[in-house]
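Novice: My structure is below; once you've seen it, I'll send some questions.
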Number of protein chains: 2
Amino acid sequence: MSRREPLPWIHEPPPPGSWRSIFKWGDPGTFKHPNARLCDLMRRTFGLDEAAFREPRRPGLAPVAFPEPPGLPEGVLAAFRAVLGEGGVETGAYARLRAGTGKTMLDLLRLREGLAVDLPAAVLHPRNHHEVRRILEICAREGIPATPRGGGSSVTLGLACPRGGVTLDLTRHMHKVLALSEADQTVTVEAGMYGPHLEAVLNAAPELFGTKHRYTCGHFPQSFEWSTVGGWAVTRGAGQNSTYYGKIEDLVAAQTFAAPAGDLRTRAWPRAALGPDLDQLLLGGEGAFGVLTEVTLRIFRHLPETRRRYAYLFPDWEAACGAAREVLQGEDGRPSVFRLSDAEETDIALKLYGVEHPVLDTLLALKGLKPGRRCLLLGTADGEDGQTRVTAAAVARAARAAGALSLSGLVTRAWEHGRFKDPYLREDLQDAGILTDTLECSVTWSNLAQVHRRVREAVHARPRTLCMAHMSHAYPQGGNLYFIFITAMEDIASYLAYQASILDAIRASGASLSHHHGIGRMTAPWLEGQLGSTAMDLLRALKAHLDPGGIMNPGGTLGLDLPGAARR
Amino acid sequence: MSRREPLPWIHEPPPPGSWRSIFKWGDPGTFKHPNARLCDLMRRTFGLDEAAFREPRRPGLAPVAFPEPPGLPEGVLAAFRAVLGEGGVETGAYARLRAGTGKTMLDLLRLREGLAVDLPAAVLHPRNHHEVRRILEICAREGIPATPRGGGSSVTLGLACPRGGVTLDLTRHMHKVLALSEADQTVTVEAGMYGPHLEAVLNAAPELFGTKHRYTCGHFPQSFEWSTVGGWAVTRGAGQNSTYYGKIEDLVAAQTFAAPAGDLRTRAWPRAALGPDLDQLLLGGEGAFGVLTEVTLRIFRHLPETRRRYAYLFPDWEAACGAAREVLQGEDGRPSVFRLSDAEETDIALKLYGVEHPVLDTLLALKGLKPGRRCLLLGTADGEDGQTRVTAAAVARAARAAGALSLSGLVTRAWEHGRFKDPYLREDLQDAGILTDTLECSVTWSNLAQVHRRVREAVHARPRTLCMAHMSHAYPQGGNLYFIFITAMEDIASYLAYQASILDAIRASGASLSHHHGIGRMTAPWLEGQLGSTAMDLLRALKAHLDPGGIMNPGGTLGLDLPGAARR
């Protein structure tokens, strides 16, 4: 496959009703194909022949068809219709399959094999908090499992319905702005609102709400375009700018929450001393305690004009991490995007961002910045002009002291351009029999080198594997580590064994099992071993109180109703 | 009483063993007497004659003596001694009275009347987490109430023992540094460590631990000298610099916690997505869930040399609050101390800080800064030099735009000089029959004017009253309001009725019942009305799980075991 030859990637929207229309990431008509350099690398790494790229493998273009598990009794469906109207209750195979599926690699592997498992019996479309409450009452009475769903971008099997029941899809109707307070700098929205909608409303607040300033939500996960406010909150998500703005648990000021035990409405006081923090108790519940219906978020002035961008190339990982720590522990404000790639990711990233060039490479090597060792940091500083000057200067100072070379902010602009697009790569790679998946964790600075080394060893224990790692969220006490592994793999059993070996390494290394993806069902078997049984008993007591019938997102979410044998 | 006449305040340490030695604030030999201007103001306001200041009223100089409630069976005491050693178990009247008493106004009124109520049967001095665990096991087995105690500065009846049992005093032994990590910028200490000890250790970290930098804990409540890390954490305290460093719930990175249900050890990952945040669930427990024994705190570089101080006088409260909001919502970093006094407090504060002068007054009035309307903002910016320049400039910009006059940082220095000393005033005032107490709450910006007006009305509903209010902690979404009320009052029933009327006003106005004092038993009757019964049921479920025998700090703490009739 030469660079001149047109690449045979699928570049048509999936046929409506097809398996592929469910597992394909994002917009049906949007694609990000691997560029020629990445293809070359993968061919070399995985030892693939050209045939691998010629014919898409199990592309899922056929219409969805499978033996459906039994549905709900007609009386129950009638009760739901009485609340939601005729159009608010879906029972078709396609709707059920779509609702029970997220973007977990296991979902994708199953769908490519034509496996439809763990589906709800019906998909419900509530129009407001009150209807959610009434649905939960029916479910509690009838003992029907209920699983809330936002944008469906879960990578932790958070949306699977192993016990059937109903999925509550909040995105069709519950996407309204309920209030915007410029005085309090908060916005209250329904939980099913997608990221771009929220951000567009805040950016246009002067025109829409007559505010003095424009605002931003400050929360931009890679799934931004295809995830919802409610999904961010219940999984404790983080955005690419969270080093400055905070994770979603820092941004949620108040919640309206429908639990089987009753409605909980917290208040948006900036801080209080009223016993345990109920917001922080509900955040992270992942649908296992009830349904988050309305969220009040702290918002920020939108100041794109004062943003500063920077990118540095460090001699090695140790030097780069030291500089990152200095930036976060220095008292010069916090950077916003702050993304540090390890050596393996840097080599690939420089290809992707077009920084690679033979002459440049020679120059860099002369400066001690050699392939296989050098590490890329890119990022931004947000805030008013004086603030971004101070913070960007602190980054520059720490970088220089660690022997880094400035690459200018152009690299960051290139990254920004594609910041939400990388997930589109997955389909093309899987069409070629190549699996790319991610696992992420949080670590203290003192444990960072060890976690990085041990998890990379676990990934590379499989021959012919790429392992890209970066830190995308940093704090004075540490950061996250995000591992992307790419390998030629197609069968489910191999994948699960491989993933388990990496999760084993993450936990054994002392890192947290997740920094921002959450636990869902996928990581659940590892949770009790991480938190300890006293802590898990406490979470189970919370669950038993808020959801006494065990109807909320049952079947292993957060390890709350996991059979003992499933624990690792 | 002329200004030249020596004032007859008590200026001797209380006799050892006396009532006064228990209720007097802080160091026995330290005093802060009201200055002549404050005395004049009080005499005029309260219509007191000179006799009021001549003879101390019920000063509590006699030795503690009271009919002691029954103690514990000898077998139980022997079991405690087997764990703690002979000296680790105290049963004397003085030790019991001291242990069951905090610095709540109700405590002070009772002690001045010679009332000894709600005492523990014994005071225990555990030496480490393991001994705490063993004590709780004995208590659980025997059904003996157990109340943890730190510095004893509670103003919410958090230390009273209405059901007897034992007080676990953590201050005698459990004040060690367990670990300091410069890499992770954390310190792990036992919960009974006092503030000055912690700060001294951190300031001297290079000498003590060989660190590169000096550190600060960033947490300086007014009770700093007489309160402990554990007390800060379990009540969700705030320090005077918390606008920059965060409240204690932002500073706690991990905890070791002994609950009757078992030990909980959280981990110091900077952030994680592992379900509900167990730290935020335990913080605020006020001893009702178990005993916090060890705390890992986030610490900060100690940079006194780059601190900037400022003080501004605003034409009125509305202008000052508007400027404060602009500072916190602007993206220029956060001020550290940021303390805004309302008009009544400003007039008194200017007397106390010596800014008052007839010529100055005329000049200020010419600039539109009139007594009875003008409001004082004082504060600092912390961080590296560039950061403090940016933040202090933002404060200056907002102040100028609101018509404020800069008073220079000298006023702030005067305030800093006495920042931990004001509580010493209480004894002198009560010796003169004058009661000064505080209530505090948190508010959103949009509700701030209303809360300020309604709570002031409630305070001033009693004739001849001073009501000083300030905001000492500010956020992009609002701040706290701290009300100091001073009036001639000595009897308990009048005090309780008056305090209840102010708490009614706080809750009715939509403010939170506390920003950083906590709930204890004092505010507990108002809590369910504020949080709602679904939330209170959730807290009660937590309590039932962590403390199934109901032995932890029982008798109304956080409203968890409050009889229905006591709810307001």
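In the structure tokens, each chain is lettered A, B, ... as it comes, each chain's residues begin at 1, and ligands are numbered from 1 in order of appearance.
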Hey, could you make a per-residue contact list for stretch 342-375 of chain B against stretch 315-332 of chain B with 8 Å as the cut-off, showing the nearest pair of atoms and its distance in Å to one decimal, counting only C-alpha atoms, sorted by chain and number, as a tab-separated table?

Specialist:
```
residue	atom	partner	partner_atom	distance
B:Asp342	CA	B:Trp317	CA	5.9
B:Ala343	CA	B:Trp317	CA	6.8
B:Gly368	CA	B:Pro315	CA	6.2
B:Leu369	CA	B:Pro315	CA	4.8
B:Lys370	CA	B:Pro315	CA	7.1
B:Arg373	CA	B:Asp316	CA	5.0
B:Arg374	CA	B:Pro315	CA	4.6
B:Cys375	CA	B:Asp316	CA	5.6
```

Novice: Residues of chain B within 7 Å of chain A, counting only C-alpha atoms - could you list those as a PyMOL selection string?

Specialist: chain B and resi 183-185+235-236+262-264+269-277+280-285+331-333+383-384+386-387+390+442-446+475-479+512+514-519+534-535+541-542+545+558

Novice: DSSP on the backbone: which residues in stretch 4-162 of chain A end up as helix (DSSP H, G or I)? Give the answer as a PyMOL selection string.

Specialist: chain A and resi 19-23+36-46+50-53+74-84+86-88+93-99+105-112+129-142

Novice: Which residue gives the smallest distance to A:Leu377 among A:Met105, A:Leu340, A:Cys161, A:Ile551, with only C-alpha atoms counted?

Specialist: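 Closest to A:Leu377, using only C-alpha atoms: A:Leu340.
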
Novice: Quick one: of A:Ser501, A:Thr147, A:Thr167, A:Thr156, who's nearest to A:Lys103, counting only C-alpha atoms?

Specialist: A:Thr156

Novice: Just to confirm, what's the straight-line distance from atom CA of A:Gly230 to atom CA of B:Thr243 in Å (one decimal)?

Specialist: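 Computed distance, atom CA of A:Gly230 to atom CA of B:Thr243, equals 28.6 Å.
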
Novice: Quick one, how far is atom CA of B:His197 from atom CA of B:Thr293?

Specialist: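 The value is 16.7 Å.
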
Novice: Quick one: everything within 9 Å of B:Leu410, counting only C-alpha atoms, minus sequence neighbours fewer than 2 positions away in the same chain. Send it as a ChimeraX atom specification.

Specialist: /B:309-311,407-408,412-415

Novice: Quick one: pull the distance between atom CA of A:Arg339 and atom CA of A:Phe220, Å, one decimal.

Specialist: 13.6 Å

Novice: Restricting the calculation to only C-alpha atoms, which member of A:Lys367, A:Arg134, A:Ala65, A:Asp561 is positioned closest to A:Ala79?

Specialist: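 Using only C-alpha atoms, A:Ala79 sits closest to A:Arg134.
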
Novice: Could you go through stretch 396-545 of chain A and tell me which residues DSSP, when run on the backbone, assigns to strand (DSSP E or B), listing them as JSON, numbers by chain?

Specialist: {"A": [405, 406, 434, 435, 436, 437, 438, 439, 440, 441, 442, 443, 444, 465, 466, 467, 468, 469, 470, 471, 474, 475, 478, 479, 480, 481, 482, 483, 484, 485, 486, 487, 488]}
